[in-house]
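**Student:** File run_29.cif below, mmCIF, C-alpha atoms:
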```
data_run
#
loop_
_atom_site.label_atom_id
_atom_site.label_comp_id
_atom_site.auth_asym_id
_atom_site.auth_seq_id
_atom_site.Cartn_x
_atom_site.Cartn_y
_atom_site.Cartn_z
CA MET S 1 -49.78 -81.98 33.62
CA THR S 2 -46.84 -83.54 31.87
CA LEU S 3 -45.71 -82.20 28.53
CA LYS S 4 -46.30 -85.35 26.52
CA LEU S 5 -48.32 -85.99 23.39
CA GLU S 6 -50.12 -89.27 23.87
CA PRO S 7 -50.53 -91.57 20.84
CA GLY S 8 -53.89 -91.02 19.18
CA ALA S 9 -54.18 -87.47 20.54
CA ARG S 10 -56.33 -85.19 18.40
CA LEU S 11 -54.28 -82.23 17.16
CA VAL S 12 -55.18 -79.26 15.02
CA ALA S 13 -52.53 -78.61 12.36
CA ALA S 14 -52.23 -74.83 12.09
CA THR S 15 -51.22 -74.71 8.45
CA HIS S 16 -53.13 -73.58 5.40
CA ASN S 17 -50.39 -74.81 3.05
CA PRO S 18 -51.34 -78.17 1.48
CA GLY S 19 -47.69 -79.19 0.90
CA LYS S 20 -46.84 -78.68 4.55
CA ALA S 21 -50.00 -80.42 5.69
CA ARG S 22 -49.08 -83.49 3.63
CA GLU S 23 -45.54 -83.54 5.08
CA LEU S 24 -46.88 -83.19 8.62
CA VAL S 25 -49.16 -86.20 8.10
CA GLU S 26 -46.27 -88.25 6.65
CA LEU S 27 -43.89 -87.32 9.44
CA LEU S 28 -46.44 -87.93 12.16
CA ASP S 29 -46.82 -91.41 10.76
CA GLY S 30 -50.43 -91.93 11.79
CA ARG S 31 -49.45 -91.45 15.41
CA PHE S 32 -51.92 -88.63 15.97
CA ASP S 33 -55.37 -87.71 14.76
CA LEU S 34 -54.62 -84.54 12.78
CA VAL S 35 -57.31 -82.10 11.72
CA ALA S 36 -56.49 -79.06 9.56
CA ALA S 37 -57.12 -75.56 10.91
CA GLY S 38 -58.96 -74.72 7.69
CA ALA S 39 -61.34 -77.64 8.20
CA LEU S 40 -62.29 -76.15 11.58
CA GLY S 41 -62.91 -72.77 9.97
CA LEU S 42 -60.00 -71.14 11.82
CA ALA S 43 -58.57 -67.99 10.25
CA GLU S 44 -54.83 -67.62 9.60
CA PRO S 45 -53.25 -65.09 11.96
CA GLU S 46 -50.88 -62.48 10.57
CA GLU S 47 -47.26 -63.66 10.85
CA THR S 48 -45.81 -60.60 12.54
CA GLU S 49 -42.63 -62.02 14.08
CA THR S 50 -39.10 -61.80 12.70
CA SER S 51 -38.09 -65.42 13.32
CA PHE S 52 -39.37 -68.86 12.29
CA ALA S 53 -39.68 -69.83 15.97
CA GLY S 54 -41.66 -66.69 16.79
CA ASN S 55 -44.10 -67.22 13.93
CA ALA S 56 -44.58 -70.93 14.70
CA LEU S 57 -45.31 -70.00 18.33
CA LEU S 58 -47.80 -67.32 17.27
CA LYS S 59 -49.65 -69.70 14.91
CA ALA S 60 -49.82 -72.58 17.41
CA ARG S 61 -50.97 -70.28 20.24
CA HIS S 62 -53.66 -68.79 18.03
CA ALA S 63 -54.98 -72.15 16.80
CA ALA S 64 -54.98 -73.70 20.30
CA ASP S 65 -56.85 -70.77 21.81
CA ALA S 66 -59.35 -70.58 18.93
CA SER S 67 -60.05 -74.34 18.86
CA GLY S 68 -59.58 -75.42 22.48
CA MET S 69 -57.42 -78.26 21.10
CA ILE S 70 -53.68 -78.96 21.22
CA ALA S 71 -52.26 -77.25 18.12
CA LEU S 72 -49.22 -77.98 15.98
CA ALA S 73 -47.78 -75.23 13.78
CA ASP S 74 -44.88 -75.08 11.34
CA ASP S 75 -42.99 -72.03 10.15
CA SER S 76 -40.23 -72.59 7.70
CA GLY S 77 -38.34 -71.06 4.83
CA LEU S 78 -35.21 -70.62 2.81
CA SER S 79 -32.32 -68.37 3.85
CA VAL S 80 -29.64 -67.36 1.34
CA ARG S 81 -26.25 -66.39 2.74
CA ALA S 82 -25.37 -63.91 -0.03
CA LEU S 83 -28.74 -62.19 0.54
CA ASP S 84 -28.19 -61.74 4.29
CA GLY S 85 -30.62 -64.55 5.06
CA ALA S 86 -33.43 -63.42 2.72
CA PRO S 87 -36.12 -64.46 1.95
CA GLY S 88 -36.14 -66.07 5.45
CA VAL S 89 -39.45 -65.53 7.24
CA TYR S 90 -40.68 -63.85 4.05
CA SER S 91 -40.23 -67.04 2.01
CA ALA S 92 -43.96 -67.61 1.54
CA ARG S 93 -44.64 -63.91 1.01
CA TRP S 94 -42.13 -63.74 -1.88
CA ALA S 95 -44.45 -66.18 -3.65
CA GLY S 96 -47.39 -63.79 -3.34
CA PRO S 97 -51.04 -64.55 -2.61
CA ASP S 98 -51.13 -67.10 -5.46
CA ARG S 99 -48.23 -69.04 -3.87
CA ASP S 100 -46.30 -68.69 -7.14
CA PHE S 101 -42.97 -70.28 -6.23
CA ALA S 102 -41.71 -70.25 -9.84
CA MET S 103 -41.80 -66.47 -9.49
CA ALA S 104 -40.24 -66.58 -6.01
CA MET S 105 -37.37 -68.80 -7.25
CA ALA S 106 -36.78 -66.42 -10.18
CA LYS S 107 -36.61 -63.58 -7.67
CA VAL S 108 -33.92 -65.42 -5.67
CA GLU S 109 -31.93 -65.95 -8.87
CA ALA S 110 -32.27 -62.30 -9.93
CA ARG S 111 -31.19 -61.02 -6.51
CA LEU S 112 -28.20 -63.38 -6.52
CA GLU S 113 -27.15 -62.13 -9.95
CA ALA S 114 -27.50 -58.55 -8.74
CA ALA S 115 -25.36 -59.44 -5.69
CA ASP S 116 -22.76 -60.49 -8.25
CA GLY S 117 -20.85 -63.08 -6.23
CA GLU S 118 -20.11 -66.80 -6.36
CA ASP S 119 -21.67 -67.68 -3.02
CA ARG S 120 -24.54 -70.16 -3.47
CA ALA S 121 -24.83 -71.27 0.17
CA ALA S 122 -28.34 -71.48 1.60
CA TRP S 123 -30.26 -73.28 4.30
CA PHE S 124 -33.80 -74.34 5.01
CA SER S 125 -35.10 -73.76 8.53
CA CYS S 126 -38.16 -75.24 10.16
CA ALA S 127 -39.66 -74.29 13.50
CA LEU S 128 -42.41 -76.47 14.96
CA ALA S 129 -44.59 -75.35 17.86
CA VAL S 130 -47.05 -77.37 19.94
CA ALA S 131 -49.45 -75.28 22.05
CA TRP S 132 -51.85 -76.44 24.75
CA PRO S 133 -55.05 -74.36 25.11
CA ASP S 134 -54.42 -71.73 27.82
CA GLY S 135 -51.19 -73.60 28.55
CA PRO S 136 -47.56 -73.85 27.50
CA VAL S 137 -46.07 -73.86 24.01
CA VAL S 138 -43.10 -76.05 23.09
CA VAL S 139 -40.94 -74.85 20.17
CA VAL S 140 -38.15 -76.75 18.37
CA GLU S 141 -36.06 -75.91 15.31
CA GLY S 142 -34.31 -77.86 12.58
CA ARG S 143 -32.04 -76.75 9.77
CA VAL S 144 -30.44 -78.27 6.69
CA ASP S 145 -27.58 -76.59 4.84
CA GLY S 146 -27.06 -76.82 1.10
CA THR S 147 -26.46 -75.11 -2.22
CA LEU S 148 -28.69 -73.24 -4.62
CA VAL S 149 -28.94 -74.53 -8.19
CA PHE S 150 -30.40 -72.82 -11.25
CA PRO S 151 -32.48 -73.49 -13.25
CA PRO S 152 -34.92 -75.23 -10.83
CA ARG S 153 -34.97 -79.02 -11.09
CA GLY S 154 -37.63 -81.55 -10.21
CA THR S 155 -41.36 -81.52 -9.65
CA LEU S 156 -41.50 -83.27 -6.31
CA GLY S 157 -41.63 -81.35 -3.03
CA PHE S 158 -43.01 -77.82 -2.95
CA GLY S 159 -41.93 -74.22 -2.41
CA TYR S 160 -38.23 -73.60 -3.07
CA ASP S 161 -37.38 -77.34 -3.18
CA PRO S 162 -36.39 -77.33 -6.91
CA ILE S 163 -33.48 -74.89 -6.37
CA PHE S 164 -32.06 -76.45 -3.19
CA ALA S 165 -29.57 -79.35 -3.12
CA PRO S 166 -28.85 -80.45 0.47
CA GLU S 167 -25.20 -80.96 1.54
CA GLY S 168 -23.72 -84.14 0.11
CA GLU S 169 -26.42 -84.48 -2.57
CA SER S 170 -26.40 -83.55 -6.24
CA ARG S 171 -30.18 -83.83 -6.52
CA THR S 172 -32.48 -81.02 -5.39
CA PHE S 173 -35.28 -81.58 -2.88
CA GLY S 174 -37.54 -81.25 -5.93
CA GLU S 175 -35.94 -84.40 -7.36
CA MET S 176 -36.27 -86.53 -4.22
CA PRO S 177 -39.23 -88.75 -3.42
CA PRO S 178 -40.95 -87.62 -0.20
CA ALA S 179 -39.59 -90.54 1.85
CA GLU S 180 -36.03 -89.54 0.96
CA LYS S 181 -36.54 -85.84 1.62
CA ASP S 182 -38.16 -86.77 4.94
CA ARG S 183 -34.94 -88.47 6.04
CA LEU S 184 -32.81 -85.34 5.89
CA SER S 185 -34.98 -82.25 5.63
CA HIS S 186 -35.13 -79.33 8.05
CA ARG S 187 -38.68 -80.41 8.90
CA ALA S 188 -37.55 -83.97 9.65
CA ARG S 189 -34.78 -82.65 11.90
CA ALA S 190 -37.21 -80.42 13.77
CA PHE S 191 -39.53 -83.41 14.13
CA ALA S 192 -36.79 -85.55 15.58
CA LYS S 193 -36.34 -82.92 18.30
CA LEU S 194 -40.07 -82.66 18.89
CA LYS S 195 -40.29 -86.42 19.19
CA ALA S 196 -37.42 -86.55 21.68
CA ALA S 197 -39.13 -83.88 23.77
CA LEU S 198 -42.80 -84.80 23.62
CA PHE S 199 -43.54 -88.31 22.29
CA MET J 1 -35.27 -86.47 27.33
CA THR J 2 -38.22 -85.43 29.42
CA LEU J 3 -39.13 -81.78 29.68
CA LYS J 4 -38.69 -81.45 33.42
CA LEU J 5 -36.58 -79.06 35.49
CA GLU J 6 -35.02 -81.08 38.28
CA PRO J 7 -34.64 -79.44 41.71
CA GLY J 8 -31.18 -77.94 42.12
CA ALA J 9 -30.71 -77.57 38.34
CA ARG J 10 -28.34 -74.78 37.37
CA LEU J 11 -30.14 -72.22 35.20
CA VAL J 12 -28.96 -69.04 33.55
CA ALA J 13 -31.47 -66.21 34.06
CA ALA J 14 -31.51 -64.25 30.81
CA THR J 15 -32.35 -60.89 32.30
CA HIS J 16 -30.26 -57.78 32.75
CA ASN J 17 -32.98 -56.07 34.80
CA PRO J 18 -32.17 -56.24 38.54
CA GLY J 19 -35.87 -55.93 39.57
CA LYS J 20 -36.82 -58.90 37.43
CA ALA J 21 -33.82 -60.90 38.60
CA ARG J 22 -34.87 -60.38 42.22
CA GLU J 23 -38.45 -61.45 41.48
CA LEU J 24 -37.25 -64.55 39.62
CA VAL J 25 -35.17 -65.58 42.62
CA GLU J 26 -38.12 -65.03 44.99
CA LEU J 27 -40.54 -66.94 42.78
CA LEU J 28 -38.13 -69.81 42.22
CA ASP J 29 -37.94 -70.15 45.95
CA GLY J 30 -34.43 -71.52 46.13
CA ARG J 31 -35.51 -74.47 44.01
CA PHE J 32 -32.87 -73.87 41.34
CA ASP J 33 -29.31 -72.60 41.21
CA LEU J 34 -29.79 -69.35 39.24
CA VAL J 35 -26.90 -67.52 37.66
CA ALA J 36 -27.44 -64.18 35.89
CA ALA J 37 -26.62 -63.84 32.17
CA GLY J 38 -24.61 -60.71 32.97
CA ALA J 39 -22.43 -62.63 35.44
CA LEU J 40 -21.52 -65.04 32.62
CA GLY J 41 -20.63 -62.13 30.35
CA LEU J 42 -23.49 -62.86 27.96
CA ALA J 43 -24.63 -59.94 25.79
CA GLU J 44 -28.31 -58.96 25.62
CA PRO J 45 -29.81 -59.82 22.22
CA GLU J 46 -31.98 -57.25 20.44
CA GLU J 47 -35.67 -57.81 21.21
CA THR J 48 -36.97 -57.85 17.66
CA GLU J 49 -40.29 -59.65 18.10
CA THR J 50 -43.74 -58.08 18.38
CA SER J 51 -45.01 -60.20 21.28
CA PHE J 52 -43.92 -60.92 24.86
CA ALA J 53 -43.82 -64.64 24.08
CA GLY J 54 -41.68 -64.10 20.99
CA ASN J 55 -39.16 -61.95 22.85
CA ALA J 56 -38.96 -64.32 25.83
CA LEU J 57 -38.31 -67.18 23.40
CA LEU J 58 -35.61 -65.21 21.59
CA LYS J 59 -33.83 -64.29 24.85
CA ALA J 60 -33.96 -67.82 26.29
CA ARG J 61 -32.78 -69.39 23.00
CA HIS J 62 -29.89 -66.92 22.78
CA ALA J 63 -28.76 -67.43 26.40
CA ALA J 64 -29.00 -71.23 26.20
CA ASP J 65 -27.00 -71.39 22.97
CA ALA J 66 -24.38 -68.91 24.22
CA SER J 67 -23.92 -70.57 27.62
CA GLY J 68 -24.61 -74.25 26.95
CA MET J 69 -26.91 -74.16 30.00
CA ILE J 70 -30.68 -74.34 30.41
CA ALA J 71 -31.86 -70.72 30.24
CA LEU J 72 -34.86 -68.93 31.73
CA ALA J 73 -36.02 -65.64 30.20
CA ASP J 74 -38.79 -63.23 31.07
CA ASP J 75 -40.44 -60.68 28.82
CA SER J 76 -43.13 -58.53 30.33
CA GLY J 77 -44.79 -55.18 30.18
CA LEU J 78 -47.82 -52.99 30.56
CA SER J 79 -50.60 -52.71 27.97
CA VAL J 80 -53.10 -49.85 28.09
CA ARG J 81 -56.47 -50.44 26.44
CA ALA J 82 -57.08 -46.79 25.44
CA LEU J 83 -53.62 -46.75 23.79
CA ASP J 84 -54.29 -49.85 21.70
CA GLY J 85 -52.08 -51.95 23.94
CA ALA J 86 -49.11 -49.55 24.11
CA PRO J 87 -46.46 -49.51 25.49
CA GLY J 88 -46.69 -53.35 25.35
CA VAL J 89 -43.42 -54.92 24.21
CA TYR J 90 -41.97 -51.40 24.19
CA SER J 91 -42.54 -50.97 27.96
CA ALA J 92 -38.84 -51.05 28.82
CA ARG J 93 -37.90 -48.96 25.78
CA TRP J 94 -40.29 -46.15 26.83
CA ALA J 95 -38.07 -45.81 29.91
CA GLY J 96 -34.99 -45.22 27.75
CA PRO J 97 -31.43 -46.45 28.27
CA ASP J 98 -31.40 -45.06 31.84
CA ARG J 99 -34.48 -47.14 32.72
CA ASP J 100 -36.27 -43.96 33.79
CA PHE J 101 -39.72 -45.26 34.67
CA ALA J 102 -40.84 -41.96 36.22
CA MET J 103 -40.52 -40.56 32.71
CA ALA J 104 -42.21 -43.61 31.16
CA MET J 105 -45.17 -43.34 33.57
CA ALA J 106 -45.48 -39.61 32.76
CA LYS J 107 -45.58 -40.55 29.08
CA VAL J 108 -48.44 -43.01 29.70
CA GLU J 109 -50.34 -40.26 31.55
CA ALA J 110 -49.73 -37.69 28.80
CA ARG J 111 -50.84 -40.09 26.06
CA LEU J 112 -53.97 -40.96 28.02
CA GLU J 113 -54.81 -37.28 28.42
CA ALA J 114 -54.28 -36.78 24.70
CA ALA J 115 -56.58 -39.75 24.02
CA ASP J 116 -59.16 -37.76 26.03
CA GLY J 117 -61.29 -40.64 27.31
CA GLU J 118 -62.27 -42.11 30.66
CA ASP J 119 -60.90 -45.59 30.00
CA ARG J 120 -58.19 -46.48 32.54
CA ALA J 121 -58.11 -50.24 31.90
CA ALA J 122 -54.67 -51.84 31.57
CA TRP J 123 -52.98 -55.17 32.05
CA PHE J 124 -49.56 -56.53 32.82
CA SER J 125 -48.36 -59.49 30.77
CA CYS J 126 -45.47 -61.81 31.46
CA ALA J 127 -44.03 -64.45 29.17
CA LEU J 128 -41.50 -66.91 30.56
CA ALA J 129 -39.37 -69.14 28.35
CA VAL J 130 -37.13 -72.05 29.30
CA ALA J 131 -34.69 -73.14 26.59
CA TRP J 132 -32.48 -76.23 26.50
CA PRO J 133 -29.17 -75.85 24.61
CA ASP J 134 -29.74 -77.02 21.02
CA GLY J 135 -33.10 -78.29 22.25
CA PRO J 136 -36.70 -77.23 22.79
CA VAL J 137 -38.04 -74.03 24.30
CA VAL J 138 -41.12 -74.00 26.55
CA VAL J 139 -43.07 -70.73 26.72
CA VAL J 140 -45.90 -69.79 29.11
CA GLU J 141 -47.79 -66.54 29.66
CA GLY J 142 -49.57 -64.88 32.57
CA ARG J 143 -51.66 -61.72 32.75
CA VAL J 144 -53.23 -59.55 35.42
CA ASP J 145 -55.91 -56.97 34.64
CA GLY J 146 -56.28 -53.71 36.53
CA THR J 147 -56.66 -49.94 36.45
CA LEU J 148 -54.20 -47.11 35.97
CA VAL J 149 -53.92 -44.52 38.75
CA PHE J 150 -52.21 -41.14 38.65
CA PRO J 151 -50.10 -39.78 40.25
CA PRO J 152 -47.88 -42.87 40.81
CA ARG J 153 -48.11 -44.33 44.32
CA GLY J 154 -45.63 -46.44 46.28
CA THR J 155 -41.92 -47.14 46.16
CA LEU J 156 -42.02 -50.94 46.20
CA GLY J 157 -41.87 -53.00 43.02
CA PHE J 158 -40.28 -51.57 39.88
CA GLY J 159 -41.16 -50.39 36.40
CA TYR J 160 -44.77 -49.28 35.99
CA ASP J 161 -45.87 -50.81 39.33
CA PRO J 162 -46.72 -47.41 40.97
CA ILE J 163 -49.49 -46.60 38.42
CA PHE J 164 -51.14 -50.04 38.33
CA ALA J 165 -53.79 -51.24 40.77
CA PRO J 166 -54.73 -54.88 40.09
CA GLU J 167 -58.43 -55.84 39.92
CA GLY J 168 -60.09 -55.88 43.35
CA GLU J 169 -57.29 -53.84 44.97
CA SER J 170 -57.12 -50.12 45.78
CA ARG J 171 -53.36 -50.25 46.32
CA THR J 172 -50.93 -50.15 43.40
CA PHE J 173 -48.27 -52.83 42.89
CA GLY J 174 -45.86 -50.13 44.08
CA GLU J 175 -47.61 -50.14 47.46
CA MET J 176 -47.56 -53.92 47.96
CA PRO J 177 -44.78 -55.82 49.69
CA PRO J 178 -43.11 -58.31 47.30
CA ALA J 179 -44.74 -61.33 48.92
CA GLU J 180 -48.18 -59.86 48.29
CA LYS J 181 -47.45 -58.83 44.71
CA ASP J 182 -46.04 -62.31 44.10
CA ARG J 183 -49.41 -63.83 44.98
CA LEU J 184 -51.32 -62.15 42.17
CA SER J 185 -48.94 -60.69 39.63
CA HIS J 186 -48.68 -61.53 35.94
CA ARG J 187 -45.24 -63.01 36.67
CA ALA J 188 -46.64 -65.21 39.46
CA ARG J 189 -49.40 -66.44 37.14
CA ALA J 190 -46.91 -67.28 34.42
CA PHE J 191 -44.80 -69.09 37.01
CA ALA J 192 -47.74 -71.16 38.16
CA LYS J 193 -48.12 -72.38 34.57
CA LEU J 194 -44.40 -73.03 34.22
CA LYS J 195 -44.45 -75.01 37.44
CA ALA J 196 -47.42 -77.09 36.32
CA ALA J 197 -45.62 -77.84 33.06
CA LEU J 198 -42.00 -78.38 34.11
CA PHE J 199 -41.45 -78.81 37.88
#
```
Please, can you express the file's structure as structure tokens?

**Tutor:**
Amino acid sequence: MTLKLEPGARLVAATHNPGKARELVELLDGRFDLVAAGALGLAEPEETETSFAGNALLKARHAADASGMIALADDSGLSVRALDGAPGVYSARWAGPDRDFAMAMAKVEARLEAADGEDRAAWFSCALAVAWPDGPVVVVEGRVDGTLVFPPRGTLGFGYDPIFAPEGESRTFGEMPPAEKDRLSHRARAFAKLKAALF
Amino acid sequence: MTLKLEPGARLVAATHNPGKARELVELLDGRFDLVAAGALGLAEPEETETSFAGNALLKARHAADASGMIALADDSGLSVRALDGAPGVYSARWAGPDRDFAMAMAKVEARLEAADGEDRAAWFSCALAVAWPDGPVVVVEGRVDGTLVFPPRGTLGFGYDPIFAPEGESRTFGEMPPAEKDRLSHRARAFAKLKAALF
């Protein structure tokens, strides 16, 4: 075999997050035939690893083995320097089972106030994994650095986007149309690496 | 880029275990120019993940980023069915800082006696990861099923080899010459997948 993803290949997208699924479709630009893990009735595995790369690998492996198809998984999140990298791999879990990111963003703000410093540095990370059934997994990572802003601004994007302004930008990801966010986001950077490796 | 390892490529082997290093050299068959992470003065990262694949990824990523070279890492261990998969990713840690596998094998036997059943099923797993500096990581896994035997038998191999007889064999891995073990081991199976993907 050669580790290449041929155009038109049918891939299962191992995400149960609608915002991520939409971004994956946009970034993949109609190149592949994506089907969602949920649509195939696949369960979500527990994300037991301590890193984005480890969790992306785990999700892709699980979806490929359960479906017999090539699987693409994303694991991503926000890391805050003054909070020693939290929420990190717990980014989604801070939002709870209802995916309440207004609450999660308030939690970041409260923790920062408790930390009582001026440091507002943060970064988004994205790990993408492509797994072949009973075969290899390829993992890449992208990152974008920026600054936290409160109160949250903008209704575009999803997750922690409204409190994150990427380097060199005054607008938050929540204020950028998807096409603009896709030019500089952590997910776009991870995709560029995936493309260089596998397309 | 294409995800291929060219013959003669210089790789850093991200292992500080001499037994594993020797097996890697044998399995790679002089195809690559392997240099040990220790010889480059690289520190061993903490193995914080819950899976062999996750830890292999973490070690390869760390060695590639620290050295600027393509890195190969191995994470492997013994899983015992009656002990819910223990020692698993803790296989090396059960042997302590002195890598005392006589003690670790005695611990497996004691736990099995405490579990008070007849089940002696176990398997060795091996995850191999190849990481490019600031680039992708490719991860593959191999497994061999077998039966635990006590007392330990044989002085060949390393680690838990003397208590593990692979399926269809009465001898333990500790009683098999390296060339024979290399034909059916978990590490050999992982290598076959790596070869199919990257050589």

**Student:** Give me, as a list in words, the contact residues of chain J against chain S at a cut-off of 6 Å, counting all atoms listed in the file.

**Tutor:**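 Close enough to count are Met1, Thr2, Glu49, Thr50, Gly54, Pro136, Val137, Val138, Val139, Val140 and Ala197 of chain J.
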
**Student:** Write a file of the selected residues as a PDB file, keeping the file's coordinate frame, keeping C-alpha atoms.

**Tutor:**
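out_6.pdb, freshly written:
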```pdb
ATOM      1  CA  MET J   1     -35.270 -86.470  27.330  1.00  0.00           C
ATOM      2  CA  THR J   2     -38.220 -85.430  29.420  1.00  0.00           C
ATOM      3  CA  GLU J  49     -40.290 -59.650  18.100  1.00  0.00           C
ATOM      4  CA  THR J  50     -43.740 -58.080  18.380  1.00  0.00           C
ATOM      5  CA  GLY J  54     -41.680 -64.100  20.990  1.00  0.00           C
ATOM      6  CA  PRO J 136     -36.700 -77.230  22.790  1.00  0.00           C
ATOM      7  CA  VAL J 137     -38.040 -74.030  24.300  1.00  0.00           C
ATOM      8  CA  VAL J 138     -41.120 -74.000  26.550  1.00  0.00           C
ATOM      9  CA  VAL J 139     -43.070 -70.730  26.720  1.00  0.00           C
ATOM     10  CA  VAL J 140     -45.900 -69.790  29.110  1.00  0.00           C
ATOM     11  CA  ALA J 197     -45.620 -77.840  33.060  1.00  0.00           C
TER      12      ALA J 197
END
```

**Student:** Separation of CA of Met105 in chain S and CA of Pro177 in chain S, in Å?

**Tutor:**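 Answer for the CA of Met105 in chain S to CA of Pro177 in chain S separation: 20.4 Å.
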
**Student:** For this structure, which residues satisfy the selection - the PyMOL selection byres ((chain J and resi 187) around 8) - when it is evaluated on the file as given? I want them as a PyMOL selection string.

**Tutor:** chain J and resi 125-127+142-143+182+185-186+188-191

**Student:** What is the CA of Arg93 in chain S-CA of Ala110 in chain S distance in Å, reported with one decimal?

**Tutor:**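 Pair CA of Arg93 in chain S / CA of Ala110 in chain S returns 16.6 Å.
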
**Student:** Is it possible to get the residues within 12 Å of (-26.9, -60.7, -0.6) (coordinates as in the file, counting all atoms listed in the file) written as an MDAnalysis selection string?

**Tutor:** chainID S and resid 79:87 108:122

**Student:** As a check of understanding, name the residues that the PyMOL selection byres ((chain J and resi 33) around 7) selects in the supplied structure, as a list in words.

**Tutor:**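 For this structure, the PyMOL selection byres ((chain J and resi 33) around 7) resolves to Gly8, Ala9, Arg10, Leu11, Phe32, Leu34 and Val35 of chain J.
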
**Student:** If you keep C-alpha atoms, can you produce a file of those selected residues as a PDB file, in the coordinates of the input?

**Tutor:**
```pdb
ATOM      1  CA  GLY J   8     -31.180 -77.940  42.120  1.00  0.00           C
ATOM      2  CA  ALA J   9     -30.710 -77.570  38.340  1.00  0.00           C
ATOM      3  CA  ARG J  10     -28.340 -74.780  37.370  1.00  0.00           C
ATOM      4  CA  LEU J  11     -30.140 -72.220  35.200  1.00  0.00           C
ATOM      5  CA  PHE J  32     -32.870 -73.870  41.340  1.00  0.00           C
ATOM      6  CA  LEU J  34     -29.790 -69.350  39.240  1.00  0.00           C
ATOM      7  CA  VAL J  35     -26.900 -67.520  37.660  1.00  0.00           C
TER       8      VAL J  35
END
```

**Student:** Identify all residues satisfying the PyMOL selection byres ((chain J and resi 175) around 8) in the given file; provide them as JSON, numbers by chain.

**Tutor:** {"J": [153, 154, 155, 156, 157, 162, 171, 172, 173, 174, 176, 177]}

**Student:** Between CA of Leu184 in chain S and CA of Ala21 in chain S, what is the distance, to one decimal in Å?

**Tutor:**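 Taking CA of Leu184 in chain S and CA of Ala21 in chain S, their separation equals 17.9 Å.
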
**Student:** Here is a test: counting only C-alpha atoms, which residue of S:Phe52, S:Phe164, S:Trp123, S:Trp94 is nearest to Pro152 in chain S?

**Tutor:**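 Checking each candidate against Pro152 in chain S, we get S:Phe164 as the closest.
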
**Student:** Which neighbours of Ala102 in chain J fall inside 9 Å, counting only C-alpha atoms, when residues of the same chain fewer than 5 positions from it are skipped, and could you give them as a list in words?

**Tutor:**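 In the requested form, the answer reads Ala95, Lys107, Pro152, Gly159 and Tyr160 of chain J.
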
**Student:** Could I see range 51-60 of chain J restored to N, CA, C and O atoms, set down as a JSON list (two decimals), keeping the file's coordinate frame?

**Tutor:**
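Saved file result.json follows:
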```json
[["chain", "number", "residue", "atom", "x", "y", "z"],
["J", 51, "SER", "N", -44.23, -59.68, 20.16],
["J", 51, "SER", "CA", -45.01, -60.20, 21.28],
["J", 51, "SER", "C", -44.10, -60.51, 22.46],
["J", 51, "SER", "O", -42.89, -60.74, 22.30],
["J", 52, "PHE", "N", -44.68, -60.54, 23.67],
["J", 52, "PHE", "CA", -43.92, -60.92, 24.86],
["J", 52, "PHE", "C", -43.38, -62.34, 24.70],
["J", 52, "PHE", "O", -42.21, -62.62, 25.00],
["J", 53, "ALA", "N", -44.24, -63.24, 24.23],
["J", 53, "ALA", "CA", -43.82, -64.64, 24.08],
["J", 53, "ALA", "C", -42.65, -64.76, 23.11],
["J", 53, "ALA", "O", -41.68, -65.48, 23.37],
["J", 54, "GLY", "N", -42.74, -64.04, 21.98],
["J", 54, "GLY", "CA", -41.68, -64.10, 20.99],
["J", 54, "GLY", "C", -40.35, -63.58, 21.54],
["J", 54, "GLY", "O", -39.29, -64.17, 21.31],
["J", 55, "ASN", "N", -40.40, -62.50, 22.29],
["J", 55, "ASN", "CA", -39.16, -61.95, 22.85],
["J", 55, "ASN", "C", -38.58, -62.83, 23.96],
["J", 55, "ASN", "O", -37.37, -62.97, 24.08],
["J", 56, "ALA", "N", -39.46, -63.42, 24.79],
["J", 56, "ALA", "CA", -38.96, -64.32, 25.83],
["J", 56, "ALA", "C", -38.27, -65.53, 25.18],
["J", 56, "ALA", "O", -37.18, -65.94, 25.59],
["J", 57, "LEU", "N", -38.89, -66.06, 24.14],
["J", 57, "LEU", "CA", -38.31, -67.18, 23.40],
["J", 57, "LEU", "C", -36.93, -66.82, 22.86],
["J", 57, "LEU", "O", -35.95, -67.54, 23.03],
["J", 58, "LEU", "N", -36.86, -65.69, 22.19],
["J", 58, "LEU", "CA", -35.61, -65.21, 21.59],
["J", 58, "LEU", "C", -34.51, -65.06, 22.65],
["J", 58, "LEU", "O", -33.36, -65.49, 22.44],
["J", 59, "LYS", "N", -34.84, -64.51, 23.81],
["J", 59, "LYS", "CA", -33.83, -64.29, 24.85],
["J", 59, "LYS", "C", -33.37, -65.61, 25.47],
["J", 59, "LYS", "O", -32.18, -65.80, 25.74],
["J", 60, "ALA", "N", -34.32, -66.53, 25.69],
["J", 60, "ALA", "CA", -33.96, -67.82, 26.29],
["J", 60, "ALA", "C", -33.10, -68.63, 25.32],
["J", 60, "ALA", "O", -32.08, -69.21, 25.69]]
```
